[in-house]
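data-v2.pdb follows; it contains PDB, C-alpha atoms, pLDDT in the B column.
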ATOM      1  CA  MET F  22     -84.621 -20.373  54.041  1.00 91.00           C
ATOM      2  CA  ARG F  23     -85.624 -19.143  50.614  1.00 94.00           C
ATOM      3  CA  CYS F  24     -86.020 -15.353  50.448  1.00 91.00           C
ATOM      4  CA  VAL F  25     -86.819 -13.213  47.423  1.00 92.00           C
ATOM      5  CA  ILE F  26     -84.896  -9.950  47.184  1.00 94.00           C
ATOM      6  CA  ALA F  27     -85.079  -7.788  44.047  1.00 93.00           C
ATOM      7  CA  GLN F  28     -87.080 -10.574  42.351  1.00 93.00           C
ATOM      8  CA  TYR F  29     -84.151 -12.999  42.786  1.00 94.00           C
ATOM      9  CA  PRO F  30     -84.446 -16.059  45.061  1.00 95.00           C
ATOM     10  CA  PHE F  31     -81.749 -16.513  47.702  1.00 95.00           C
ATOM     11  CA  ASP F  32     -81.230 -19.425  50.085  1.00 95.00           C
ATOM     12  CA  LEU F  33     -80.157 -17.691  53.293  1.00 95.00           C
ATOM     13  CA  THR F  34     -79.351 -19.004  56.737  1.00 96.00           C
ATOM     14  CA  LYS F  35     -78.692 -17.098  59.924  1.00 96.00           C
ATOM     15  CA  ALA F  36     -75.214 -18.622  60.184  1.00 96.00           C
ATOM     16  CA  GLY F  37     -74.499 -17.783  56.542  1.00 96.00           C
ATOM     17  CA  VAL F  38     -75.497 -14.143  56.960  1.00 96.00           C
ATOM     18  CA  THR F  39     -73.465 -13.861  60.157  1.00 96.00           C
ATOM     19  CA  ALA F  40     -70.428 -15.342  58.405  1.00 96.00           C
ATOM     20  CA  ALA F  41     -70.847 -13.027  55.398  1.00 95.00           C
ATOM     21  CA  MET F  42     -70.971  -9.942  57.639  1.00 96.00           C
ATOM     22  CA  GLU F  43     -67.974 -11.026  59.730  1.00 94.00           C
ATOM     23  CA  GLY F  44     -65.162  -8.544  59.254  1.00 92.00           C
ATOM     24  CA  VAL F  45     -67.428  -6.003  57.513  1.00 95.00           C
ATOM     25  CA  ARG F  46     -67.277  -2.585  59.136  1.00 96.00           C
ATOM     26  CA  PRO F  47     -70.774  -1.108  59.626  1.00 96.00           C
ATOM     27  CA  ASP F  48     -71.631   2.072  57.745  1.00 95.00           C
ATOM     28  CA  LEU F  49     -73.296   4.959  59.561  1.00 94.00           C
ATOM     29  CA  VAL F  50     -76.885   4.007  60.444  1.00 93.00           C
ATOM     30  CA  THR F  51     -79.288   6.650  59.158  1.00 92.00           C
ATOM     31  CA  GLY F  52     -82.293   4.477  58.316  1.00 92.00           C
ATOM     32  CA  GLU F  53     -83.492   0.974  59.073  1.00 95.00           C
ATOM     33  CA  SER F  54     -80.872  -1.322  60.592  1.00 96.00           C
ATOM     34  CA  VAL F  55     -80.296  -4.893  61.709  1.00 97.00           C
ATOM     35  CA  THR F  56     -78.233  -6.251  64.594  1.00 96.00           C
ATOM     36  CA  ILE F  57     -75.880  -9.033  63.547  1.00 96.00           C
ATOM     37  CA  GLY F  58     -73.679 -10.310  66.341  1.00 93.00           C
ATOM     38  CA  ARG F  59     -72.837  -7.254  68.430  1.00 93.00           C
ATOM     39  CA  ARG F  60     -72.910  -4.796  65.537  1.00 95.00           C
ATOM     40  CA  ARG F  61     -75.713  -2.776  64.021  1.00 96.00           C
ATOM     41  CA  TYR F  62     -75.653  -2.530  60.220  1.00 97.00           C
ATOM     42  CA  PRO F  63     -77.831  -0.539  57.802  1.00 96.00           C
ATOM     43  CA  VAL F  64     -80.148  -3.039  56.086  1.00 96.00           C
ATOM     44  CA  LYS F  65     -79.076  -1.815  52.643  1.00 96.00           C
ATOM     45  CA  GLN F  66     -75.442  -2.622  53.479  1.00 97.00           C
ATOM     46  CA  VAL F  67     -76.416  -6.113  54.633  1.00 97.00           C
ATOM     47  CA  GLY F  68     -78.479  -6.629  51.488  1.00 96.00           C
ATOM     48  CA  GLN F  69     -75.568  -5.551  49.312  1.00 96.00           C
ATOM     49  CA  VAL F  70     -73.164  -7.959  51.028  1.00 96.00           C
ATOM     50  CA  ILE F  71     -75.426 -11.031  51.063  1.00 96.00           C
ATOM     51  CA  THR F  72     -76.893 -10.593  47.556  1.00 95.00           C
ATOM     52  CA  ARG F  73     -73.954  -8.917  45.785  1.00 96.00           C
ATOM     53  CA  LEU F  74     -76.526  -6.643  44.136  1.00 96.00           C
ATOM     54  CA  ASP F  75     -76.456  -2.877  43.847  1.00 96.00           C
ATOM     55  CA  PRO F  76     -78.409  -1.367  46.787  1.00 94.00           C
ATOM     56  CA  ARG F  77     -80.581   0.514  44.301  1.00 95.00           C
ATOM     57  CA  ASP F  78     -81.929  -2.817  43.033  1.00 95.00           C
ATOM     58  CA  PHE F  79     -83.756  -3.763  46.239  1.00 95.00           C
ATOM     59  CA  THR F  80     -85.692  -2.067  49.020  1.00 95.00           C
ATOM     60  CA  ALA F  81     -84.847  -1.890  52.692  1.00 95.00           C
ATOM     61  CA  GLY F  82     -88.185  -3.584  53.377  1.00 94.00           C
ATOM     62  CA  GLU F  83     -87.215  -6.676  51.393  1.00 95.00           C
ATOM     63  CA  VAL F  84     -84.020  -7.131  53.393  1.00 96.00           C
ATOM     64  CA  THR F  85     -85.743  -6.303  56.693  1.00 95.00           C
ATOM     65  CA  ARG F  86     -88.391  -8.981  56.065  1.00 95.00           C
ATOM     66  CA  ALA F  87     -85.705 -11.550  55.211  1.00 95.00           C
ATOM     67  CA  MET F  88     -83.588 -10.704  58.266  1.00 96.00           C
ATOM     68  CA  THR F  89     -86.641 -10.835  60.561  1.00 96.00           C
ATOM     69  CA  ARG F  90     -87.617 -14.245  59.178  1.00 96.00           C
ATOM     70  CA  LEU F  91     -84.072 -15.465  59.851  1.00 95.00           C
ATOM     71  CA  GLY F  92     -84.327 -14.325  63.485  1.00 96.00           C
ATOM     72  CA  PHE F  93     -82.245 -11.144  63.472  1.00 96.00           C
ATOM     73  CA  THR F  94     -83.373  -8.061  65.400  1.00 95.00           C
ATOM     74  CA  CYS F  95     -84.333  -5.250  63.037  1.00 95.00           C
ATOM     75  CA  HIS F  96     -84.703  -1.599  63.991  1.00 93.00           C
ATOM     76  CA  GLY F  97     -86.636   1.224  62.381  1.00 90.00           C
ATOM     77  CA  ARG F  98     -85.284   4.621  61.443  1.00 87.00           C
ATOM     78  CA  PRO F  99     -83.483   6.260  64.402  1.00 81.00           C
ATOM     79  CA  GLU F 100     -85.241   9.274  65.844  1.00 78.00           C
ATOM     80  CA  ALA F 101     -83.565  12.624  65.338  1.00 69.00           C
ATOM     81  CA  ALA F 102     -82.960  14.932  68.294  1.00 64.00           C
ATOM     82  CA  PRO F 103     -85.508  17.757  68.489  1.00 70.00           C
ATOM     83  CA  VAL F 104     -84.314  21.020  66.951  1.00 68.00           C
ATOM     84  CA  GLY F 105     -82.837  23.420  69.486  1.00 62.00           C
ATOM     85  CA  VAL F 106     -82.131  20.773  72.117  1.00 56.00           C
ATOM     86  CA  SER F 107     -78.488  20.110  72.763  1.00 57.00           C
ATOM     87  CA  GLY F 108     -76.121  19.302  75.593  1.00 56.00           C
ATOM     88  CA  PRO F 109     -74.446  21.803  77.916  1.00 58.00           C
ATOM     89  CA  GLY F 110     -75.133  24.759  75.609  1.00 52.00           C
ATOM     90  CA  ARG F 111     -78.813  24.516  76.480  1.00 53.00           C
ATOM     91  CA  LEU F 112     -78.082  24.888  80.201  1.00 52.00           C
ATOM     92  CA  ARG F 113     -75.825  27.850  79.597  1.00 58.00           C
ATOM     93  CA  THR F 114     -78.514  29.586  77.512  1.00 58.00           C
ATOM     94  CA  ALA F 115     -81.253  28.969  80.070  1.00 59.00           C
ATOM     95  CA  SER F 116     -79.062  30.252  82.901  1.00 59.00           C
ATOM     96  CA  ALA F 117     -78.120  33.355  80.936  1.00 62.00           C
ATOM     97  CA  LEU F 118     -81.779  34.032  80.096  1.00 61.00           C
ATOM     98  CA  LEU F 119     -82.663  33.873  83.774  1.00 69.00           C
ATOM     99  CA  GLY F 120     -79.819  36.201  84.692  1.00 69.00           C
ATOM    100  CA  GLY F 121     -78.089  33.513  86.752  1.00 63.00           C
ATOM    101  CA  THR F 122     -74.435  33.517  87.687  1.00 64.00           C
ATOM    102  CA  GLY F 123     -74.135  29.795  88.400  1.00 58.00           C
ATOM    103  CA  PRO F 124     -71.793  27.307  86.728  1.00 63.00           C
ATOM    104  CA  GLY F 125     -73.764  27.366  83.476  1.00 57.00           C
ATOM    105  CA  ALA F 126     -73.928  31.155  83.137  1.00 54.00           C
ATOM    106  CA  VAL F 127     -72.081  32.926  80.339  1.00 56.00           C
TER
END
As a first step, turn the structure in this file into structure tokens.
Amino acid sequence: MRCVIAQYPFDLTKAGVTAAMEGVRPDLVTGESVTIGRRRYPVKQVGQVITRLDPRDFTAGEVTRAMTRLGFTCHGRPEAAPVGVSGPGRLRTASALLGGTGPGAV
């Protein structure tokens, strides 16, 4: 399928993209991402590998549109955890505020 990324035309196939990403270790996902095989890659990393262009030369939207058209599952920006909400520390704080002496008390 012909896709335009950074004003350059590319003939991409799902099998070709999968083969190009084989053996590539995914970077940390902090923005939009795409699932290729069983791995989730940042779209900018995928764009860099399949186009051999600098990631500053294209947008995440261009790569996301191309990957969606090829049949890959794309994901938006991951949601951040609300500020002040954490794991066991939250239980310990709540217990201490209530004056409890249970397993979560300090």
inquiry  = Neighbouring residues of range 37-41 of chain F were defined as those with any atom within 12 Å, considering only C-alpha atoms; residues of the same chain fewer than 3 positions away were excluded. Please report them as a ChimeraX atom specification.
reply    = /F:22,31-34,44-46,55-62,66-73,84,87-88,91-93
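The smallest atom-to-atom distance between Glu83 in chain F and any of F:Arg98, F:Lys65, F:Arg23, F:Lys35, using all atoms listed in the file, is found for F:Lys65.
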Point-to-point distance in Å for CA of Gln28 in chain F and CA of His96 in chain F = 23.5 Å
ask   = CA of Val50 in chain F and CA of Pro30 in chain F are how many Å apart?
value = 26.4 Å
key: Nearest to Ala27 in chain F, chosen from F:Pro103, F:Pro76, F:Gly52, F:Gly97, with all atoms listed in the file counted in the distances   =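 Of F:Pro103, F:Pro76, F:Gly52, F:Gly97, the one nearest Ala27 in chain F is F:Pro76, counting all atoms listed in the file.
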key: Among the residues F:Cys24, F:Arg77, F:Glu43, F:Thr51, the one that comes closest to Thr89 in chain F [using all atoms listed in the file]   =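 Counting all atoms listed in the file, the residue closest to Thr89 in chain F is F:Cys24.
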key: Two-atom distance - CA of Ala81 in chain F, CA of Pro47 in chain F (Å)   =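 Here the two named atoms are 15.7 Å from each other.
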task = Name the closest residue to Thr80 in chain F among the candidates F:Leu49, F:Ala36, F:Met42, F:Val64; distances are taken between atoms, counting all atoms listed in the file.
result =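 Nearest to Thr80 in chain F: F:Val64.
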